[in-house]
Each structure stands twice: as C-alpha cells, then as structure tokens.
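Have a look at protein.pdb below; it lists PDB, C-alpha atoms and all ligand atoms.
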```
ATOM      1  CA  MET R   1     -29.962  18.210 -18.402  1.00  0.00           C
ATOM      2  CA  ASN R   2     -27.334  20.600 -17.004  1.00  0.00           C
ATOM      3  CA  LYS R   3     -23.823  19.204 -16.702  1.00  0.00           C
ATOM      4  CA  LYS R   4     -22.423  18.748 -13.205  1.00  0.00           C
ATOM      5  CA  ARG R   5     -19.198  20.715 -13.365  1.00  0.00           C
ATOM      6  CA  ALA R   6     -16.611  21.211 -10.584  1.00  0.00           C
ATOM      7  CA  LEU R   7     -13.559  23.447 -10.185  1.00  0.00           C
ATOM      8  CA  LEU R   8     -10.160  22.362  -8.852  1.00  0.00           C
ATOM      9  CA  VAL R   9      -7.559  25.094  -8.340  1.00  0.00           C
ATOM     10  CA  GLY R  10      -3.905  24.254  -7.798  1.00  0.00           C
ATOM     11  CA  ARG R  11      -0.523  25.914  -8.132  1.00  0.00           C
ATOM     12  CA  MET R  12       0.849  22.615  -9.419  1.00  0.00           C
ATOM     13  CA  GLN R  13       4.508  23.511  -8.899  1.00  0.00           C
ATOM     14  CA  PRO R  14       4.958  20.903 -10.379  1.00  0.00           C
ATOM     15  CA  VAL R  15       2.047  18.625 -11.365  1.00  0.00           C
ATOM     16  CA  HIS R  16       2.425  15.426  -9.260  1.00  0.00           C
ATOM     17  CA  LYS R  17       0.659  12.091  -8.759  1.00  0.00           C
ATOM     18  CA  GLY R  18      -1.477  13.521  -5.913  1.00  0.00           C
ATOM     19  CA  HIS R  19      -3.035  16.029  -8.339  1.00  0.00           C
ATOM     20  CA  LEU R  20      -3.769  13.241 -10.836  1.00  0.00           C
ATOM     21  CA  SER R  21      -5.423  11.114  -8.127  1.00  0.00           C
ATOM     22  CA  VAL R  22      -7.666  14.027  -7.071  1.00  0.00           C
ATOM     23  CA  ILE R  23      -8.595  14.693 -10.713  1.00  0.00           C
ATOM     24  CA  GLN R  24      -9.444  11.026 -11.369  1.00  0.00           C
ATOM     25  CA  GLU R  25     -11.419  10.725  -8.136  1.00  0.00           C
ATOM     26  CA  THR R  26     -13.400  13.907  -8.875  1.00  0.00           C
ATOM     27  CA  LEU R  27     -14.223  12.788 -12.424  1.00  0.00           C
ATOM     28  CA  ASN R  28     -15.981   9.726 -10.937  1.00  0.00           C
ATOM     29  CA  ASP R  29     -18.444  12.142  -9.364  1.00  0.00           C
ATOM     30  CA  VAL R  30     -18.937  14.989 -11.880  1.00  0.00           C
ATOM     31  CA  ASP R  31     -19.460  15.264 -15.658  1.00  0.00           C
ATOM     32  CA  GLU R  32     -16.753  17.863 -16.240  1.00  0.00           C
ATOM     33  CA  LEU R  33     -13.834  19.335 -14.336  1.00  0.00           C
ATOM     34  CA  ILE R  34     -12.331  22.790 -14.669  1.00  0.00           C
ATOM     35  CA  ILE R  35      -8.682  22.703 -13.621  1.00  0.00           C
ATOM     36  CA  GLY R  36      -7.444  26.186 -12.727  1.00  0.00           C
ATOM     37  CA  ILE R  37      -3.672  26.630 -12.715  1.00  0.00           C
ATOM     38  CA  GLY R  38      -3.250  29.017  -9.781  1.00  0.00           C
ATOM     39  CA  SER R  39      -0.609  31.767  -9.498  1.00  0.00           C
ATOM     40  CA  ALA R  40      -0.217  31.462 -13.286  1.00  0.00           C
ATOM     41  CA  GLU R  41       1.905  34.620 -13.489  1.00  0.00           C
ATOM     42  CA  LYS R  42       4.509  33.319 -11.039  1.00  0.00           C
ATOM     43  CA  SER R  43       7.733  31.560 -12.072  1.00  0.00           C
ATOM     44  CA  HIS R  44      11.474  31.361 -11.472  1.00  0.00           C
ATOM     45  CA  THR R  45      11.291  31.539  -7.668  1.00  0.00           C
ATOM     46  CA  PRO R  46      12.165  28.704  -5.252  1.00  0.00           C
ATOM     47  CA  SER R  47       8.508  27.946  -4.420  1.00  0.00           C
ATOM     48  CA  ASN R  48       7.140  28.743  -7.901  1.00  0.00           C
ATOM     49  CA  PRO R  49       9.848  27.640 -10.329  1.00  0.00           C
ATOM     50  CA  PHE R  50       7.599  26.768 -13.314  1.00  0.00           C
ATOM     51  CA  THR R  51       5.763  29.192 -15.616  1.00  0.00           C
ATOM     52  CA  GLY R  52       2.001  28.956 -16.139  1.00  0.00           C
ATOM     53  CA  GLY R  53       2.611  27.652 -19.663  1.00  0.00           C
ATOM     54  CA  GLU R  54       4.991  24.947 -18.456  1.00  0.00           C
ATOM     55  CA  ARG R  55       2.371  23.788 -15.951  1.00  0.00           C
ATOM     56  CA  VAL R  56      -0.290  23.704 -18.700  1.00  0.00           C
ATOM     57  CA  LEU R  57       2.098  21.506 -20.717  1.00  0.00           C
ATOM     58  CA  MET R  58       2.747  19.148 -17.762  1.00  0.00           C
ATOM     59  CA  LEU R  59      -0.952  18.795 -17.004  1.00  0.00           C
ATOM     60  CA  THR R  60      -2.003  18.286 -20.640  1.00  0.00           C
ATOM     61  CA  LYS R  61       0.596  15.534 -21.139  1.00  0.00           C
ATOM     62  CA  ALA R  62      -0.159  13.871 -17.783  1.00  0.00           C
ATOM     63  CA  LEU R  63      -3.921  13.750 -18.446  1.00  0.00           C
ATOM     64  CA  ARG R  64      -3.213  12.181 -21.833  1.00  0.00           C
ATOM     65  CA  GLU R  65      -0.852   9.640 -20.183  1.00  0.00           C
ATOM     66  CA  TYR R  66      -3.605   8.757 -17.671  1.00  0.00           C
ATOM     67  CA  ASP R  67      -6.166   8.351 -20.517  1.00  0.00           C
ATOM     68  CA  VAL R  68      -8.490  11.060 -19.201  1.00  0.00           C
ATOM     69  CA  ASP R  69     -11.097  11.937 -21.849  1.00  0.00           C
ATOM     70  CA  PRO R  70     -10.184  15.471 -23.098  1.00  0.00           C
ATOM     71  CA  SER R  71     -13.876  16.332 -23.567  1.00  0.00           C
ATOM     72  CA  ARG R  72     -14.283  16.161 -19.771  1.00  0.00           C
ATOM     73  CA  TYR R  73     -11.884  18.873 -18.607  1.00  0.00           C
ATOM     74  CA  TYR R  74     -10.837  22.484 -19.212  1.00  0.00           C
ATOM     75  CA  ILE R  75      -7.399  23.795 -18.203  1.00  0.00           C
ATOM     76  CA  ILE R  76      -7.479  27.512 -17.349  1.00  0.00           C
ATOM     77  CA  PRO R  77      -4.508  29.563 -16.081  1.00  0.00           C
ATOM     78  CA  LEU R  78      -5.591  31.876 -13.235  1.00  0.00           C
ATOM     79  CA  GLU R  79      -3.423  34.808 -12.193  1.00  0.00           C
ATOM     80  CA  ASP R  80      -3.441  35.837  -8.530  1.00  0.00           C
ATOM     81  CA  ILE R  81      -4.956  39.170  -7.551  1.00  0.00           C
ATOM     82  CA  ALA R  82      -4.119  41.459  -4.633  1.00  0.00           C
ATOM     83  CA  CYS R  83      -7.581  41.319  -2.982  1.00  0.00           C
ATOM     84  CA  ASN R  84      -8.558  37.940  -1.538  1.00  0.00           C
ATOM     85  CA  SER R  85     -12.132  39.134  -1.026  1.00  0.00           C
ATOM     86  CA  LEU R  86     -12.547  39.640  -4.794  1.00  0.00           C
ATOM     87  CA  TRP R  87     -10.775  36.453  -5.865  1.00  0.00           C
ATOM     88  CA  VAL R  88     -13.883  34.245  -6.269  1.00  0.00           C
ATOM     89  CA  SER R  89     -15.428  36.781  -8.695  1.00  0.00           C
ATOM     90  CA  HIS R  90     -12.136  36.937 -10.583  1.00  0.00           C
ATOM     91  CA  VAL R  91     -12.086  33.113 -10.876  1.00  0.00           C
ATOM     92  CA  LYS R  92     -15.767  32.995 -11.944  1.00  0.00           C
ATOM     93  CA  MET R  93     -15.111  35.568 -14.649  1.00  0.00           C
ATOM     94  CA  LEU R  94     -12.392  33.363 -16.198  1.00  0.00           C
ATOM     95  CA  THR R  95     -13.981  29.903 -15.921  1.00  0.00           C
ATOM     96  CA  PRO R  96     -17.051  28.059 -17.251  1.00  0.00           C
ATOM     97  CA  PRO R  97     -19.927  27.870 -14.715  1.00  0.00           C
ATOM     98  CA  PHE R  98     -19.390  25.335 -11.907  1.00  0.00           C
ATOM     99  CA  CYS R  99     -21.462  24.061  -8.974  1.00  0.00           C
ATOM    100  CA  LYS R 100     -18.729  23.146  -6.484  1.00  0.00           C
ATOM    101  CA  VAL R 101     -15.051  23.466  -5.684  1.00  0.00           C
ATOM    102  CA  ILE R 102     -12.558  20.734  -4.840  1.00  0.00           C
ATOM    103  CA  SER R 103      -9.819  21.987  -2.529  1.00  0.00           C
ATOM    104  CA  GLY R 104      -7.850  21.027   0.553  1.00  0.00           C
ATOM    105  CA  ASN R 105      -6.521  24.602   0.831  1.00  0.00           C
ATOM    106  CA  GLY R 106      -8.122  26.426   3.783  1.00  0.00           C
ATOM    107  CA  LEU R 107      -8.020  29.902   2.227  1.00  0.00           C
ATOM    108  CA  VAL R 108      -9.604  28.637  -1.007  1.00  0.00           C
ATOM    109  CA  GLN R 109     -12.332  26.835   0.992  1.00  0.00           C
ATOM    110  CA  GLN R 110     -13.025  29.932   3.100  1.00  0.00           C
ATOM    111  CA  LEU R 111     -13.287  32.316   0.135  1.00  0.00           C
ATOM    112  CA  PHE R 112     -15.718  30.076  -1.790  1.00  0.00           C
ATOM    113  CA  GLU R 113     -17.783  29.328   1.323  1.00  0.00           C
ATOM    114  CA  GLU R 114     -18.243  33.081   1.889  1.00  0.00           C
ATOM    115  CA  GLU R 115     -19.728  33.274  -1.635  1.00  0.00           C
ATOM    116  CA  ASN R 116     -22.069  30.313  -0.906  1.00  0.00           C
ATOM    117  CA  ILE R 117     -20.253  27.945  -3.265  1.00  0.00           C
ATOM    118  CA  PRO R 118     -19.829  24.491  -1.651  1.00  0.00           C
ATOM    119  CA  TYR R 119     -16.463  22.737  -1.517  1.00  0.00           C
ATOM    120  CA  ASN R 120     -15.305  19.133  -1.141  1.00  0.00           C
ATOM    121  CA  GLU R 121     -12.087  18.277   0.661  1.00  0.00           C
ATOM    122  CA  PRO R 122     -10.231  15.692  -1.483  1.00  0.00           C
ATOM    123  CA  HIS R 123      -8.957  12.453   0.066  1.00  0.00           C
ATOM    124  CA  LEU R 124      -5.249  12.646   0.792  1.00  0.00           C
ATOM    125  CA  PHE R 125      -3.091  10.531  -1.507  1.00  0.00           C
ATOM    126  CA  ASN R 126       0.314   9.865   0.081  1.00  0.00           C
ATOM    127  CA  ARG R 127       0.475  13.569   1.062  1.00  0.00           C
ATOM    128  CA  GLU R 128       3.943  13.278   2.697  1.00  0.00           C
ATOM    129  CA  GLU R 129       5.478  12.440  -0.668  1.00  0.00           C
ATOM    130  CA  TYR R 130       2.943  13.660  -3.238  1.00  0.00           C
ATOM    131  CA  SER R 131       3.512  17.337  -2.562  1.00  0.00           C
ATOM    132  CA  GLY R 132       5.071  20.089  -4.667  1.00  0.00           C
ATOM    133  CA  THR R 133       7.419  21.090  -1.826  1.00  0.00           C
ATOM    134  CA  GLU R 134       8.703  17.508  -1.538  1.00  0.00           C
ATOM    135  CA  VAL R 135       9.262  17.213  -5.313  1.00  0.00           C
ATOM    136  CA  ARG R 136      11.155  20.550  -5.457  1.00  0.00           C
ATOM    137  CA  ASN R 137      13.296  19.675  -2.410  1.00  0.00           C
ATOM    138  CA  ARG R 138      14.252  16.342  -3.930  1.00  0.00           C
ATOM    139  CA  MET R 139      15.200  18.032  -7.214  1.00  0.00           C
ATOM    140  CA  LEU R 140      17.425  20.436  -5.304  1.00  0.00           C
ATOM    141  CA  ASN R 141      19.112  17.651  -3.330  1.00  0.00           C
ATOM    142  CA  ASP R 142      19.567  15.158  -6.205  1.00  0.00           C
ATOM    143  CA  GLU R 143      17.126  12.699  -4.630  1.00  0.00           C
ATOM    144  CA  ASP R 144      14.453  10.569  -6.328  1.00  0.00           C
ATOM    145  CA  TRP R 145      11.748  13.034  -7.464  1.00  0.00           C
ATOM    146  CA  GLU R 146      10.850  11.130 -10.627  1.00  0.00           C
ATOM    147  CA  SER R 147       8.704   8.535  -8.800  1.00  0.00           C
ATOM    148  CA  LEU R 148       6.436  11.305  -7.421  1.00  0.00           C
ATOM    149  CA  VAL R 149       5.311  12.692 -10.793  1.00  0.00           C
ATOM    150  CA  PRO R 150       3.806  11.059 -13.926  1.00  0.00           C
ATOM    151  CA  GLU R 151       6.357   9.886 -16.519  1.00  0.00           C
ATOM    152  CA  SER R 152       5.164  12.513 -18.988  1.00  0.00           C
ATOM    153  CA  VAL R 153       5.919  15.225 -16.395  1.00  0.00           C
ATOM    154  CA  VAL R 154       9.435  13.812 -15.939  1.00  0.00           C
ATOM    155  CA  LYS R 155       9.903  14.319 -19.710  1.00  0.00           C
ATOM    156  CA  VAL R 156       8.660  17.933 -19.608  1.00  0.00           C
ATOM    157  CA  ILE R 157      10.905  18.714 -16.617  1.00  0.00           C
ATOM    158  CA  HIS R 158      13.912  17.376 -18.532  1.00  0.00           C
ATOM    159  CA  GLU R 159      12.839  19.215 -21.727  1.00  0.00           C
ATOM    160  CA  ILE R 160      12.765  22.590 -19.941  1.00  0.00           C
ATOM    161  CA  LYS R 161      15.917  21.801 -17.891  1.00  0.00           C
ATOM    162  CA  ALA R 162      14.025  22.530 -14.708  1.00  0.00           C
ATOM    163  CA  VAL R 163      16.340  20.787 -12.237  1.00  0.00           C
ATOM    164  CA  GLU R 164      19.194  23.033 -13.370  1.00  0.00           C
ATOM    165  CA  ARG R 165      16.862  26.052 -13.075  1.00  0.00           C
ATOM    166  CA  ILE R 166      15.847  25.177  -9.526  1.00  0.00           C
ATOM    167  CA  LYS R 167      19.477  24.787  -8.469  1.00  0.00           C
ATOM    168  CA  LYS R 168      20.397  28.105 -10.126  1.00  0.00           C
ATOM    169  CA  ILE R 169      17.614  30.092  -8.485  1.00  0.00           C
ATOM    170  CA  HIS R 170      18.647  28.737  -5.077  1.00  0.00           C
ATOM    171  CA  LYS R 171      22.275  29.695  -5.640  1.00  0.00           C
ATOM    172  CA  LYS R 172      23.382  32.338  -3.187  1.00  0.00           C
ATOM    173  CA  GLU R 173      25.592  35.353  -3.840  1.00  0.00           C
ATOM    174  CA  VAL R 174      29.095  35.096  -2.316  1.00  0.00           C
ATOM    175  CA  SER R 175      28.220  38.107  -0.098  1.00  0.00           C
ATOM    176  CA  GLU R 176      25.181  36.226   1.295  1.00  0.00           C
ATOM    177  CA  LEU R 177      27.364  33.206   2.150  1.00  0.00           C
ATOM    178  CA  ILE R 178      29.880  35.455   3.932  1.00  0.00           C
ATOM    179  CA  ASN R 179      27.081  37.111   5.926  1.00  0.00           C
ATOM    180  CA  GLU R 180      25.680  33.683   6.909  1.00  0.00           C
ATOM    181  CA  LYS R 181      29.081  32.711   8.396  1.00  0.00           C
ATOM    182  CA  LYS R 182      29.244  35.883  10.544  1.00  0.00           C
TER     183      LYS R 182
HETATM  184  P1  LIG A   1      -1.588  22.823  -4.753  1.00  0.00           P
HETATM  185  O1  LIG A   1      -0.993  22.550  -6.086  1.00  0.00           O
HETATM  186  O2  LIG A   1      -0.722  22.721  -3.540  1.00  0.00           O
HETATM  187  O3  LIG A   1      -2.817  21.842  -4.494  1.00  0.00           O
HETATM  188  C1  LIG A   1      -3.897  21.758  -5.393  1.00  0.00           C
HETATM  189  C2  LIG A   1      -4.996  20.909  -4.778  1.00  0.00           C
HETATM  190  O4  LIG A   1      -4.608  19.542  -4.752  1.00  0.00           O
HETATM  191  C3  LIG A   1      -5.295  21.313  -3.339  1.00  0.00           C
HETATM  192  O5  LIG A   1      -6.670  21.279  -3.112  1.00  0.00           O
HETATM  193  C4  LIG A   1      -4.605  20.258  -2.504  1.00  0.00           C
HETATM  194  O6  LIG A   1      -5.265  20.057  -1.270  1.00  0.00           O
HETATM  195  C5  LIG A   1      -4.713  19.036  -3.426  1.00  0.00           C
HETATM  196  N1  LIG A   1      -3.609  18.096  -3.221  1.00  0.00           N
HETATM  197  C6  LIG A   1      -2.300  18.304  -3.423  1.00  0.00           C
HETATM  198  N2  LIG A   1      -1.593  17.182  -3.137  1.00  0.00           N
HETATM  199  C7  LIG A   1      -2.495  16.257  -2.757  1.00  0.00           C
HETATM  200  C8  LIG A   1      -2.394  14.892  -2.334  1.00  0.00           C
HETATM  201  N3  LIG A   1      -1.218  14.248  -2.237  1.00  0.00           N
HETATM  202  N4  LIG A   1      -3.538  14.232  -2.003  1.00  0.00           N
HETATM  203  C9  LIG A   1      -4.724  14.869  -2.103  1.00  0.00           C
HETATM  204  N5  LIG A   1      -4.895  16.162  -2.476  1.00  0.00           N
HETATM  205  C10 LIG A   1      -3.780  16.830  -2.805  1.00  0.00           C
HETATM  206  O7  LIG A   1      -2.248  24.265  -4.880  1.00  0.00           O
HETATM  207  P2  LIG A   1      -2.945  25.264  -3.837  1.00  0.00           P
HETATM  208  O8  LIG A   1      -1.930  25.965  -3.017  1.00  0.00           O
HETATM  209  O9  LIG A   1      -4.093  24.648  -3.138  1.00  0.00           O
HETATM  210  O10 LIG A   1      -3.493  26.344  -4.919  1.00  0.00           O
HETATM  211  C11 LIG A   1      -4.334  27.372  -4.573  1.00  0.00           C
HETATM  212  C12 LIG A   1      -4.131  28.487  -5.585  1.00  0.00           C
HETATM  213  O11 LIG A   1      -5.162  29.462  -5.387  1.00  0.00           O
HETATM  214  C13 LIG A   1      -2.789  29.221  -5.450  1.00  0.00           C
HETATM  215  O12 LIG A   1      -2.245  29.446  -6.724  1.00  0.00           O
HETATM  216  C14 LIG A   1      -3.184  30.531  -4.797  1.00  0.00           C
HETATM  217  O13 LIG A   1      -2.328  31.618  -5.101  1.00  0.00           O
HETATM  218  C15 LIG A   1      -4.572  30.738  -5.412  1.00  0.00           C
HETATM  219  N6  LIG A   1      -5.319  31.733  -4.631  1.00  0.00           N
HETATM  220  C16 LIG A   1      -5.228  33.026  -5.031  1.00  0.00           C
HETATM  221  C17 LIG A   1      -5.854  34.025  -4.309  1.00  0.00           C
HETATM  222  C18 LIG A   1      -5.704  35.436  -4.799  1.00  0.00           C
HETATM  223  O14 LIG A   1      -5.205  35.629  -5.909  1.00  0.00           O
HETATM  224  N7  LIG A   1      -6.048  36.442  -4.018  1.00  0.00           N
HETATM  225  C19 LIG A   1      -6.606  33.699  -3.189  1.00  0.00           C
HETATM  226  C20 LIG A   1      -6.701  32.364  -2.810  1.00  0.00           C
HETATM  227  C21 LIG A   1      -6.035  31.367  -3.537  1.00  0.00           C
END
```
Rewrite the structure of this file - the entire thing - as structure tokens.
Ligand code: NAD
Amino acid sequence: MNKKRALLVGRMQPVHKGHLSVIQETLNDVDELIIGIGSAEKSHTPSNPFTGGERVLMLTKALREYDVDPSRYYIIPLEDIACNSLWVSHVKMLTPPFCKVISGNGLVQQLFEEENIPYNEPHLFNREEYSGTEVRNRMLNDEDWESLVPESVVKVIHEIKAVERIKKIHKKEVSELINEKK
C-alpha cells in the first residue's frame, strides 16, 4: 500500500512550539511528513536571522526532544526562487512524492491549489505567542522568548549566540540615528 505522505513548508525563523504542534497533529493523520525549511538561503537579516543549516539543527533536536519517530519525517531545505508560478515544480523536484500540503500561508495555499494539490489549514496553536516574529521581538527586547520554543531550540540558540546576532543586525549606523532625529 502507498504511504500517505504530506508536505509542511515553513521558514521556521526560529522553530517554535506552534511548528511542533502542527507537526505532531499532522503525524496523527499521515504516515510520513516532509518538512521543507523555506527560504533556506536566507540568513542574517532581521526577519530571517538563522541560516538554513541552523534551522535544520533546531528542528532535528526538537523532533528528538518530542520523541517523534525519525523514520516518519524528512527535513529538506528549500531555497526560494524568483518566479512564484514555478515554485510548486521547484518544491516537487526537491522532495519525495506527497499527496497534500499543510499550510496556513495564503500564498503557499494558492500556489498548490493552482497545481491541483490539496492543502489543509492547520489548527492555530496559541498563534499570538507561538510565532517567529514574536520570538524574534522578545529576543531583541530581552523578554521571555525561551518559553515559546522547545528546550532543545533554546540550547541551539545559545550555542550559535543568536540573541547577540539579532541585536547586532538591528544596530543602526550613527548616521541613520541622526537622520531619524531630523
Ligand atoms: P512559518 O514558519 O511562518 O510557518 C510555517 C507553517 O506553520 C505555516 O503553515 C503556518 O501557518 C504554521 N504555523 C506557524 N505558527 C503556528 C501556530 N502557532 N499554530 C498553528 N500553525 C502555525 O513559514 P511560512 O511563512 O508559512 O513559510 C512559507 C515558505 O514558503 C517561506 O519560506 C516562503 O519564502 C516560501 N515560499 C517561496 C516561494 C518562492 O520561492 N517563490 C513562494 C511561496 C512560498
């Protein structure tokens, strides 16, 4: 019998507890899950501070922490491409075959729907707090970000000194500060 395999794509900047809840929920319904790390080539910017490799590390450790059977998932970094209309083919070229997509992202849903691939909208898990933007903002402002991500991800973030990185890449040039005051 063919395996029921789904695809979840996420930027995961960084991996947080919402992602883990969606992964666990989806694995109750399918045999295998392909987890595509989106925008894999992006890093060191305020909205994409982590490299593709760092996000693979976070996800691998978090799935182990949550006791997810490693024979049930594939982690695949996916670089962005300039043409949205060709993106689904690009993703299909890089991933094992799948029968549906799990995404709450409207553009992702639209592009797969146009190629006749069905999608499921995941349930929202504490979306106000379990969001990459919220985690990054809290890191920047020295607020509690640790409770929003798995413990293993906290360790990776400390290992790669990511809080310091995020603060550095937000630092403005003196000339920019002077211009802001004008
Ligand atoms: P994300 O990390 O924000 O979210 C990943 C998934 O988890 C989404 O489906 C989101 O709805 C879900 N999620 C997140 N927090 C949740 C919570 N608390 N509860 C429930 N669900 C939650 O990533 P994203 O922005 O959806 O990633 C899409 C990726 O696809 C991006 O990297 C984007 O660049 C890529 N993309 C690329 C192209 C192209 O290259 N042309 C086109 C379309 C999309």
Would you place a box with edges along x, y and z of the file around all atoms of region 61-74 of chain R listed there, add 5 Å to each of its six sides, and report the centre and edge lengths in Å to one decimal, as JSON?
```
{"center_x": -6.8, "center_y": 15.4, "center_z": -20.6, "size_x": 24.9, "size_y": 24.1, "size_z": 15.9}
```
Name every residue that the PyMOL selection byres (((not hetatm)) within 8 of (chain A and resi 1)) selects in this structure, writing the answer as a compact mmCIF listing (two decimals) with C-alpha atoms, in the coordinates of the input with chains first and numbers rising.
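Below is the file that was written, expr-v6.txt:
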```txt
# COMPACT_ATOMS: atom_id res chain seq x y z
CA LEU R 8 -10.16 22.36 -8.85
CA VAL R 9 -7.56 25.09 -8.34
CA GLY R 10 -3.90 24.25 -7.80
CA ARG R 11 -0.52 25.91 -8.13
CA MET R 12 0.85 22.62 -9.42
CA GLN R 13 4.51 23.51 -8.90
CA PRO R 14 4.96 20.90 -10.38
CA VAL R 15 2.05 18.62 -11.36
CA HIS R 16 2.42 15.43 -9.26
CA LYS R 17 0.66 12.09 -8.76
CA GLY R 18 -1.48 13.52 -5.91
CA HIS R 19 -3.04 16.03 -8.34
CA SER R 21 -5.42 11.11 -8.13
CA VAL R 22 -7.67 14.03 -7.07
CA ILE R 37 -3.67 26.63 -12.72
CA GLY R 38 -3.25 29.02 -9.78
CA SER R 39 -0.61 31.77 -9.50
CA ALA R 40 -0.22 31.46 -13.29
CA LEU R 78 -5.59 31.88 -13.24
CA GLU R 79 -3.42 34.81 -12.19
CA ASP R 80 -3.44 35.84 -8.53
CA ILE R 81 -4.96 39.17 -7.55
CA ALA R 82 -4.12 41.46 -4.63
CA CYS R 83 -7.58 41.32 -2.98
CA ASN R 84 -8.56 37.94 -1.54
CA SER R 85 -12.13 39.13 -1.03
CA LEU R 86 -12.55 39.64 -4.79
CA TRP R 87 -10.78 36.45 -5.86
CA VAL R 88 -13.88 34.24 -6.27
CA ILE R 102 -12.56 20.73 -4.84
CA SER R 103 -9.82 21.99 -2.53
CA GLY R 104 -7.85 21.03 0.55
CA ASN R 105 -6.52 24.60 0.83
CA LEU R 107 -8.02 29.90 2.23
CA VAL R 108 -9.60 28.64 -1.01
CA LEU R 111 -13.29 32.32 0.14
CA GLU R 121 -12.09 18.28 0.66
CA PRO R 122 -10.23 15.69 -1.48
CA HIS R 123 -8.96 12.45 0.07
CA LEU R 124 -5.25 12.65 0.79
CA PHE R 125 -3.09 10.53 -1.51
CA ASN R 126 0.31 9.86 0.08
CA ARG R 127 0.48 13.57 1.06
CA GLU R 128 3.94 13.28 2.70
CA GLU R 129 5.48 12.44 -0.67
CA TYR R 130 2.94 13.66 -3.24
CA SER R 131 3.51 17.34 -2.56
CA GLY R 132 5.07 20.09 -4.67
```
Handout entry: Within-12 Å shell of (-1.7, 8.5, -19.0) in input frame, only C-alpha atoms, as a list in words
Key = Lys17, Leu20, Ser21, Gln24, Met58, Leu59, Thr60, Lys61, Ala62, Leu63, Arg64, Glu65, Tyr66, Asp67, Val68, Asp69, Pro70, Val149, Pro150, Glu151, Ser152 and Val153 of chain R
Problem - Residues selected by the PyMOL selection byres (((chain R and resi 92) around 12) and not hetatm), written as a list of chain:residue names - result: R:Ala6, R:Leu7, R:Val9, R:Ile34, R:Gly36, R:Ile76, R:Leu78, R:Leu86, R:Trp87, R:Val88, R:Ser89, R:His90, R:Val91, R:Met93, R:Leu94, R:Thr95, R:Pro96, R:Pro97, R:Phe98, R:Cys99, R:Lys100, R:Val101, R:Phe112, R:Glu115, R:Ile117
Fill in the blank from the handout: Using only C-alpha atoms, the shortest atom-to-atom distance to Thr26 (chain R) among R:Lys42, R:Tyr119, R:Arg138, R:Ser71 belongs to R:Tyr119
